[in-house]
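Q: As input, take structure25.pdb (PDB, C-alpha atoms):
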```pdb
MODEL        1
ATOM      1  CA  MET A 167       0.000   0.000   0.000
ATOM      2  CA  LYS A 168       2.840   2.377   0.894
ATOM      3  CA  GLN A 169       4.541   1.729  -2.443
ATOM      4  CA  THR A 170       1.251   2.313  -4.289
ATOM      5  CA  THR A 171       0.685   5.583  -2.434
ATOM      6  CA  ASN A 172       4.254   6.733  -3.118
ATOM      7  CA  PHE A 173       3.838   5.923  -6.799
ATOM      8  CA  ILE A 174       0.586   7.891  -7.034
ATOM      9  CA  VAL A 175       2.200  10.862  -5.294
ATOM     10  CA  PHE A 176       5.164  10.564  -7.663
ATOM     11  CA  ILE A 177       2.961  10.635 -10.770
ATOM     12  CA  ILE A 178       0.844  13.546  -9.524
ATOM     13  CA  THR A 179       3.916  15.558  -8.590
ATOM     14  CA  LEU A 180       5.564  14.876 -11.932
ATOM     15  CA  PHE A 181       2.433  16.082 -13.695
ATOM     16  CA  VAL A 182       2.322  19.300 -11.682
ATOM     17  CA  VAL A 183       6.048  19.937 -11.971
ATOM     18  CA  PHE A 184       6.459  19.201 -15.631
ATOM     19  CA  SER A 185       3.153  20.403 -17.034
ATOM     20  CA  CYS A 186       4.884  23.774 -16.832
ATOM     21  CA  ASN A 187       8.294  22.346 -17.649
ATOM     22  CA  LYS A 188       9.143  25.064 -20.141
ATOM     23  CA  VAL A 189       8.713  28.785 -20.378
ATOM     24  CA  LYS A 190       9.429  31.181 -23.167
ATOM     25  CA  LYS A 191      12.752  32.975 -23.007
ATOM     26  CA  ASP A 192      11.649  34.922 -26.044
ATOM     27  CA  ASP A 193       9.154  34.429 -28.835
ATOM     28  CA  ASN A 194      11.127  31.653 -30.493
ATOM     29  CA  GLU A 195      12.844  29.647 -27.773
ATOM     30  CA  ASP A 196      11.798  27.421 -24.897
ATOM     31  CA  VAL A 197      13.881  27.198 -21.764
ATOM     32  CA  LEU A 198      14.132  24.274 -19.358
ATOM     33  CA  PRO A 199      14.131  24.940 -15.618
ATOM     34  CA  PHE A 200      16.897  24.068 -13.186
ATOM     35  CA  ILE A 201      16.430  21.485 -10.428
ATOM     36  CA  ASN A 202      18.155  22.580  -7.236
ATOM     37  CA  SER A 203      16.640  20.345  -4.542
ATOM     38  CA  ALA A 204      15.298  16.879  -3.783
ATOM     39  CA  GLU A 205      11.753  18.241  -4.126
ATOM     40  CA  PHE A 206      12.441  18.621  -7.877
ATOM     41  CA  THR A 207      10.870  22.059  -7.852
ATOM     42  CA  PRO A 208      11.538  23.680 -11.255
ATOM     43  CA  GLU A 209      13.298  27.042 -11.101
ATOM     44  CA  TRP A 210      13.803  29.377 -14.031
ATOM     45  CA  ILE A 211      16.868  31.475 -13.234
ATOM     46  CA  SER A 212      18.108  34.147 -15.585
ATOM     47  CA  PRO A 213      21.849  34.364 -16.339
ATOM     48  CA  ASN A 214      21.596  37.927 -15.051
ATOM     49  CA  SER A 215      20.217  36.820 -11.701
ATOM     50  CA  PRO A 216      22.511  36.805  -8.623
ATOM     51  CA  GLU A 217      21.237  33.264  -8.030
ATOM     52  CA  TYR A 218      22.628  32.005 -11.344
ATOM     53  CA  PRO A 219      26.149  31.186 -10.059
ATOM     54  CA  GLU A 220      24.565  29.266  -7.171
ATOM     55  CA  ILE A 221      22.622  26.794  -9.332
ATOM     56  CA  HIS A 222      23.139  23.241  -8.081
ATOM     57  CA  THR A 223      25.935  21.526 -10.020
ATOM     58  CA  ILE A 224      27.036  17.893  -9.987
ATOM     59  CA  PRO A 225      30.507  17.884  -8.381
ATOM     60  CA  ASP A 226      33.640  16.171  -9.630
ATOM     61  CA  PHE A 227      33.500  12.377  -9.645
ATOM     62  CA  SER A 228      35.516   9.349 -10.685
ATOM     63  CA  PHE A 229      34.106   5.912 -11.489
ATOM     64  CA  THR A 230      35.066   2.967 -13.691
ATOM     65  CA  ASN A 231      33.064   1.870 -16.737
ATOM     66  CA  GLN A 232      32.428  -1.527 -18.298
ATOM     67  CA  ASP A 233      35.661  -1.267 -20.305
ATOM     68  CA  GLY A 234      37.788  -0.616 -17.235
ATOM     69  CA  GLN A 235      38.191   3.043 -18.176
ATOM     70  CA  THR A 236      38.005   5.884 -15.679
ATOM     71  CA  VAL A 237      35.004   8.168 -16.216
ATOM     72  CA  THR A 238      35.143  11.580 -14.564
ATOM     73  CA  GLU A 239      33.554  15.012 -14.808
ATOM     74  CA  LYS A 240      35.963  15.626 -17.690
ATOM     75  CA  THR A 241      34.234  12.855 -19.656
ATOM     76  CA  VAL A 242      30.943  14.767 -19.591
ATOM     77  CA  GLU A 243      32.411  18.259 -19.878
ATOM     78  CA  GLY A 244      30.292  20.248 -22.318
ATOM     79  CA  LYS A 245      28.039  17.222 -22.917
ATOM     80  CA  ILE A 246      24.361  16.687 -22.259
ATOM     81  CA  TYR A 247      23.876  13.434 -20.401
ATOM     82  CA  VAL A 248      21.199  11.241 -18.852
ATOM     83  CA  ALA A 249      22.058   9.489 -15.574
ATOM     84  CA  ASN A 250      20.347   6.684 -13.706
ATOM     85  CA  PHE A 251      21.005   4.129 -10.960
ATOM     86  CA  MET A 252      20.516   0.387 -11.405
ATOM     87  CA  PHE A 253      22.067  -3.024 -10.753
ATOM     88  CA  THR A 254      22.559  -5.962 -13.089
ATOM     89  CA  SER A 255      20.792  -8.559 -10.933
ATOM     90  CA  CYS A 256      17.650  -6.442 -10.529
ATOM     91  CA  GLY A 257      14.547  -8.182 -11.808
ATOM     92  CA  SER A 258      11.975  -5.430 -11.320
ATOM     93  CA  ILE A 259      12.406  -1.878 -12.616
ATOM     94  CA  CYS A 260      15.988  -2.093 -13.883
ATOM     95  CA  PRO A 261      15.305  -4.126 -17.043
ATOM     96  CA  LYS A 262      12.652  -1.587 -18.043
ATOM     97  CA  MET A 263      15.023   1.284 -17.384
ATOM     98  CA  THR A 264      17.772  -0.388 -19.387
ATOM     99  CA  ASP A 265      15.425  -0.976 -22.321
ATOM    100  CA  ASN A 266      14.386   2.668 -22.206
ATOM    101  CA  MET A 267      17.972   3.909 -21.938
ATOM    102  CA  LYS A 268      18.599   1.852 -25.077
ATOM    103  CA  ILE A 269      15.945   3.964 -26.823
ATOM    104  CA  LEU A 270      18.013   7.045 -26.032
ATOM    105  CA  GLN A 271      21.210   5.340 -27.142
ATOM    106  CA  ASP A 272      19.641   4.439 -30.483
ATOM    107  CA  LYS A 273      18.473   8.022 -30.923
ATOM    108  CA  TYR A 274      21.876   9.561 -30.194
ATOM    109  CA  THR A 275      24.267   6.856 -31.411
ATOM    110  CA  ASN A 276      26.006   9.252 -33.786
ATOM    111  CA  ASP A 277      25.616  12.365 -31.655
ATOM    112  CA  SER A 278      28.789  12.922 -29.638
ATOM    113  CA  SER A 279      27.169  15.718 -27.621
ATOM    114  CA  VAL A 280      24.915  13.280 -25.720
ATOM    115  CA  LEU A 281      26.081  10.600 -23.269
ATOM    116  CA  LEU A 282      24.409   8.067 -20.969
ATOM    117  CA  LEU A 283      25.619   7.150 -17.453
ATOM    118  CA  SER A 284      24.181   4.152 -15.576
ATOM    119  CA  HIS A 285      25.596   3.731 -12.074
ATOM    120  CA  THR A 286      25.342   0.385 -10.291
ATOM    121  CA  VAL A 287      24.031   0.553  -6.730
ATOM    122  CA  THR A 288      25.575  -2.841  -5.913
ATOM    123  CA  PRO A 289      29.224  -2.240  -6.850
ATOM    124  CA  GLU A 290      30.291  -5.062  -4.551
ATOM    125  CA  ARG A 291      28.608  -7.422  -7.025
ATOM    126  CA  ASP A 292      28.790  -5.484 -10.273
ATOM    127  CA  SER A 293      32.477  -5.705 -11.125
ATOM    128  CA  VAL A 294      33.895  -4.401 -14.388
ATOM    129  CA  SER A 295      33.669  -7.877 -15.937
ATOM    130  CA  ILE A 296      30.030  -8.302 -14.923
ATOM    131  CA  LEU A 297      29.157  -4.850 -16.260
ATOM    132  CA  LYS A 298      30.959  -5.701 -19.504
ATOM    133  CA  GLN A 299      28.910  -8.852 -20.006
ATOM    134  CA  TYR A 300      25.750  -6.933 -19.131
ATOM    135  CA  ALA A 301      26.707  -4.268 -21.674
ATOM    136  CA  ILE A 302      27.192  -6.918 -24.344
ATOM    137  CA  ASN A 303      23.856  -8.532 -23.533
ATOM    138  CA  LYS A 304      22.023  -5.193 -23.616
ATOM    139  CA  GLY A 305      23.770  -3.738 -26.650
ATOM    140  CA  CYS A 306      25.480  -0.861 -24.848
ATOM    141  CA  ILE A 307      27.882   1.073 -27.062
ATOM    142  CA  SER A 308      31.255   1.754 -25.473
ATOM    143  CA  GLY A 309      31.957   5.458 -25.168
ATOM    144  CA  LYS A 310      28.292   6.348 -25.569
ATOM    145  CA  TRP A 311      26.701   4.497 -22.661
ATOM    146  CA  HIS A 312      28.889   4.134 -19.590
ATOM    147  CA  LEU A 313      27.951   1.476 -17.037
ATOM    148  CA  LEU A 314      29.713   2.682 -13.900
ATOM    149  CA  THR A 315      31.015   0.991 -10.773
ATOM    150  CA  GLY A 316      33.278   2.167  -7.990
ATOM    151  CA  ASN A 317      33.332   2.906  -4.290
ATOM    152  CA  LYS A 318      29.860   2.301  -2.857
ATOM    153  CA  ASN A 319      29.915   5.279  -0.501
ATOM    154  CA  GLU A 320      30.901   7.567  -3.349
ATOM    155  CA  ILE A 321      28.154   6.215  -5.619
ATOM    156  CA  TYR A 322      25.496   6.556  -2.920
ATOM    157  CA  SER A 323      26.727   9.999  -1.921
ATOM    158  CA  ILE A 324      26.562  11.421  -5.422
ATOM    159  CA  ALA A 325      23.253   9.646  -6.066
ATOM    160  CA  LYS A 326      21.426  10.891  -2.995
ATOM    161  CA  ARG A 327      23.095  14.200  -2.244
ATOM    162  CA  GLN A 328      23.799  15.457  -5.759
ATOM    163  CA  TYR A 329      21.345  13.778  -8.170
ATOM    164  CA  PHE A 330      18.662  13.711  -5.440
ATOM    165  CA  ALA A 331      17.946  10.098  -6.369
ATOM    166  CA  GLY A 332      15.628   8.280  -3.987
ATOM    167  CA  ASP A 333      12.471   6.233  -3.707
ATOM    168  CA  SER A 334      10.138   9.226  -3.759
ATOM    169  CA  ILE A 335      10.173  12.925  -4.542
ATOM    170  CA  GLY A 336      11.483  15.081  -1.723
ATOM    171  CA  TYR A 337      13.131  12.201   0.130
ATOM    172  CA  TYR A 338      16.351  10.393  -0.634
ATOM    173  CA  GLY A 339      16.912   8.626   2.673
ATOM    174  CA  LYS A 340      20.021   8.010   4.721
ATOM    175  CA  LEU A 341      23.265   7.516   2.884
ATOM    176  CA  ASN A 342      23.413   3.789   3.651
ATOM    177  CA  ASP A 343      19.751   3.091   2.772
ATOM    178  CA  PHE A 344      19.494   0.862  -0.299
ATOM    179  CA  LEU A 345      18.958   2.932  -3.403
ATOM    180  CA  HIS A 346      16.243   1.793  -5.804
ATOM    181  CA  THR A 347      14.903   4.576  -7.988
ATOM    182  CA  GLU A 348      13.287   4.726 -11.413
ATOM    183  CA  ASN A 349      14.443   8.288 -12.058
ATOM    184  CA  PHE A 350      16.323   9.344 -15.164
ATOM    185  CA  ILE A 351      18.123  12.646 -14.588
ATOM    186  CA  LEU A 352      18.871  15.024 -17.463
ATOM    187  CA  VAL A 353      22.052  17.051 -16.945
ATOM    188  CA  ASP A 354      23.287  19.895 -19.129
ATOM    189  CA  GLY A 355      26.784  20.678 -20.375
ATOM    190  CA  LYS A 356      27.590  22.529 -17.149
ATOM    191  CA  ARG A 357      26.500  19.591 -14.961
ATOM    192  CA  ARG A 358      23.250  21.196 -13.840
ATOM    193  CA  ILE A 359      20.071  19.121 -13.492
ATOM    194  CA  ARG A 360      17.448  20.179 -16.034
ATOM    195  CA  GLY A 361      14.823  17.433 -15.819
ATOM    196  CA  VAL A 362      13.737  14.291 -13.958
ATOM    197  CA  TYR A 363      11.728  11.502 -15.599
ATOM    198  CA  ASN A 364      10.224   8.102 -14.859
ATOM    199  CA  GLY A 365      12.724   5.770 -16.493
ATOM    200  CA  THR A 366      10.307   2.824 -16.562
ATOM    201  CA  LEU A 367       7.959   4.522 -19.046
ATOM    202  CA  PRO A 368       8.866   4.505 -22.764
ATOM    203  CA  ILE A 369       6.728   7.621 -23.324
ATOM    204  CA  GLU A 370       9.020   9.523 -20.977
ATOM    205  CA  MET A 371      11.887   8.919 -23.413
ATOM    206  CA  GLU A 372       9.996  11.066 -25.909
ATOM    207  CA  ARG A 373       9.947  13.885 -23.387
ATOM    208  CA  ILE A 374      13.655  13.503 -22.684
ATOM    209  CA  ILE A 375      14.383  13.692 -26.402
ATOM    210  CA  GLU A 376      12.289  16.851 -26.675
ATOM    211  CA  ASP A 377      14.105  18.386 -23.714
ATOM    212  CA  ILE A 378      17.524  17.477 -25.109
ATOM    213  CA  THR A 379      16.537  19.284 -28.293
ATOM    214  CA  THR A 380      15.647  22.317 -26.152
ATOM    215  CA  LEU A 381      18.964  22.171 -24.300
ATOM    216  CA  LYS A 382      20.874  22.137 -27.560
ATOM    217  CA  LYS A 383      19.330  25.484 -28.448
ATOM    218  CA  GLU A 384      20.675  27.176 -25.334
ATOM    219  CA  ASN A 385      23.585  29.547 -25.786
TER     220      ASN A 385
ENDMDL
END
```
Just dump the structure as structure tokens.

A:
Amino acid sequence: MKQTTNFIVFIITLFVVFSCNKVKKDDNEDVLPFINSAEFTPEWISPNSPEYPEIHTIPDFSFTNQDGQTVTEKTVEGKIYVANFMFTSCGSICPKMTDNMKILQDKYTNDSSVLLLSHTVTPERDSVSILKQYAINKGCISGKWHLLTGNKNEIYSIAKRQYFAGDSIGYYGKLNDFLHTENFILVDGKRRIRGVYNGTLPIEMERIIEDITTLKKEN
């Protein structure tokens, strides 16, 4: 019952938040909001505003991908990327999220300005070799879609404190609470969160694609 209630609240909140997901910057251009808190409240902040330099930004990080390569903030510098959190042995929401991330990969296969980052929440199990086999099974393209593992505390810290990833909107739990979230997080070229989506729903991939198109129009 609690999970059902949380899901209903999640859907209602997403509708309210993202029904006004864009505003006009001028007559010809839409602008996506910034997400600065775990409540996912959209904020439209002008570059001229004193608040602009204080927009929440994903900090530096360092993880290892399925090819044994180090992926850091430099990897995504100037790139638009979609991040999520999963684990290879998950039998519930993760397969759906992986299938939907594949939709985005297929859309942007030849677009070097867009990357995908899937972080495992069970790094003690998901070694580089296991992530590599998972990548092969799921058709992940090296260099486009990074399946990331690393120090568990670092993964959970960046997930909960920086991406605001948790089981429900406005709450991301204690650092050591198991992380199981369906959220896809859209991040711009300056590592600022610009949208949050239900990664289990294929229709949400259409919205991400639309929002990526909007981001590409920003100066």

Q: Would you mind reading off the distance between CA of Leu270 (chain A) and CA of Phe350 (chain A), one decimal, in Å?

A: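 Taking CA of Leu270 (chain A) and CA of Phe350 (chain A), their separation equals 11.2 Å.
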
Q: Work out how far CA of Thr366 (chain A) is from CA of Thr264 (chain A), in Å to one decimal.

A: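 For CA of Thr264 (chain A) relative to CA of Thr366 (chain A), the distance reads 8.6 Å.
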
Q: Got a sec: who's within 10 Å of Met267 (chain A), counting all atoms listed in the file, leaving out chain neighbours fewer than 3 positions off, as an NGL selection string?

A: :A and (248-250 or 261-264 or 270-273 or 282-284 or 306 or 311 or 350 or 365-366 or 368 or 371)

Q: Under the PyMOL selection byres ((chain A and resi 353) around 12), which residues of this model are included? Write them out as a PDB file with C-alpha atoms, keeping the file's coordinate frame.

A:
```pdb
ATOM      1  CA  LEU A 198      14.132  24.274 -19.358  1.00  0.00           C
ATOM      2  CA  PRO A 199      14.131  24.940 -15.618  1.00  0.00           C
ATOM      3  CA  PHE A 200      16.897  24.068 -13.186  1.00  0.00           C
ATOM      4  CA  ILE A 201      16.430  21.485 -10.428  1.00  0.00           C
ATOM      5  CA  ASN A 202      18.155  22.580  -7.236  1.00  0.00           C
ATOM      6  CA  HIS A 222      23.139  23.241  -8.081  1.00  0.00           C
ATOM      7  CA  THR A 223      25.935  21.526 -10.020  1.00  0.00           C
ATOM      8  CA  ILE A 224      27.036  17.893  -9.987  1.00  0.00           C
ATOM      9  CA  GLU A 239      33.554  15.012 -14.808  1.00  0.00           C
ATOM     10  CA  VAL A 242      30.943  14.767 -19.591  1.00  0.00           C
ATOM     11  CA  GLU A 243      32.411  18.259 -19.878  1.00  0.00           C
ATOM     12  CA  GLY A 244      30.292  20.248 -22.318  1.00  0.00           C
ATOM     13  CA  LYS A 245      28.039  17.222 -22.917  1.00  0.00           C
ATOM     14  CA  ILE A 246      24.361  16.687 -22.259  1.00  0.00           C
ATOM     15  CA  TYR A 247      23.876  13.434 -20.401  1.00  0.00           C
ATOM     16  CA  VAL A 248      21.199  11.241 -18.852  1.00  0.00           C
ATOM     17  CA  ALA A 249      22.058   9.489 -15.574  1.00  0.00           C
ATOM     18  CA  ASN A 250      20.347   6.684 -13.706  1.00  0.00           C
ATOM     19  CA  SER A 279      27.169  15.718 -27.621  1.00  0.00           C
ATOM     20  CA  VAL A 280      24.915  13.280 -25.720  1.00  0.00           C
ATOM     21  CA  LEU A 281      26.081  10.600 -23.269  1.00  0.00           C
ATOM     22  CA  LEU A 282      24.409   8.067 -20.969  1.00  0.00           C
ATOM     23  CA  LEU A 283      25.619   7.150 -17.453  1.00  0.00           C
ATOM     24  CA  GLN A 328      23.799  15.457  -5.759  1.00  0.00           C
ATOM     25  CA  TYR A 329      21.345  13.778  -8.170  1.00  0.00           C
ATOM     26  CA  PHE A 350      16.323   9.344 -15.164  1.00  0.00           C
ATOM     27  CA  ILE A 351      18.123  12.646 -14.588  1.00  0.00           C
ATOM     28  CA  LEU A 352      18.871  15.024 -17.463  1.00  0.00           C
ATOM     29  CA  ASP A 354      23.287  19.895 -19.129  1.00  0.00           C
ATOM     30  CA  GLY A 355      26.784  20.678 -20.375  1.00  0.00           C
ATOM     31  CA  LYS A 356      27.590  22.529 -17.149  1.00  0.00           C
ATOM     32  CA  ARG A 357      26.500  19.591 -14.961  1.00  0.00           C
ATOM     33  CA  ARG A 358      23.250  21.196 -13.840  1.00  0.00           C
ATOM     34  CA  ILE A 359      20.071  19.121 -13.492  1.00  0.00           C
ATOM     35  CA  ARG A 360      17.448  20.179 -16.034  1.00  0.00           C
ATOM     36  CA  GLY A 361      14.823  17.433 -15.819  1.00  0.00           C
ATOM     37  CA  VAL A 362      13.737  14.291 -13.958  1.00  0.00           C
ATOM     38  CA  TYR A 363      11.728  11.502 -15.599  1.00  0.00           C
ATOM     39  CA  ILE A 374      13.655  13.503 -22.684  1.00  0.00           C
ATOM     40  CA  ASP A 377      14.105  18.386 -23.714  1.00  0.00           C
ATOM     41  CA  ILE A 378      17.524  17.477 -25.109  1.00  0.00           C
ATOM     42  CA  LEU A 381      18.964  22.171 -24.300  1.00  0.00           C
ATOM     43  CA  LYS A 382      20.874  22.137 -27.560  1.00  0.00           C
TER      44      LYS A 382
END
```

Q: Residues at most 8 Å from Thr254 (chain A), counting only C-alpha atoms, excluding those fewer than 6 positions away in the same chain, as a list in words?

A: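 Contacts, with the query itself left out: Cys260, Thr286, Asp292, Leu297 and Tyr300 of chain A.
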
Q: Find the residue from A:Ala331, A:Leu313, A:Val197, A:Cys256 that sits nearest to Glu209 (chain A); use all atoms listed in the file when measuring.

A: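 Result for the nearest residue to Glu209 (chain A): A:Val197.
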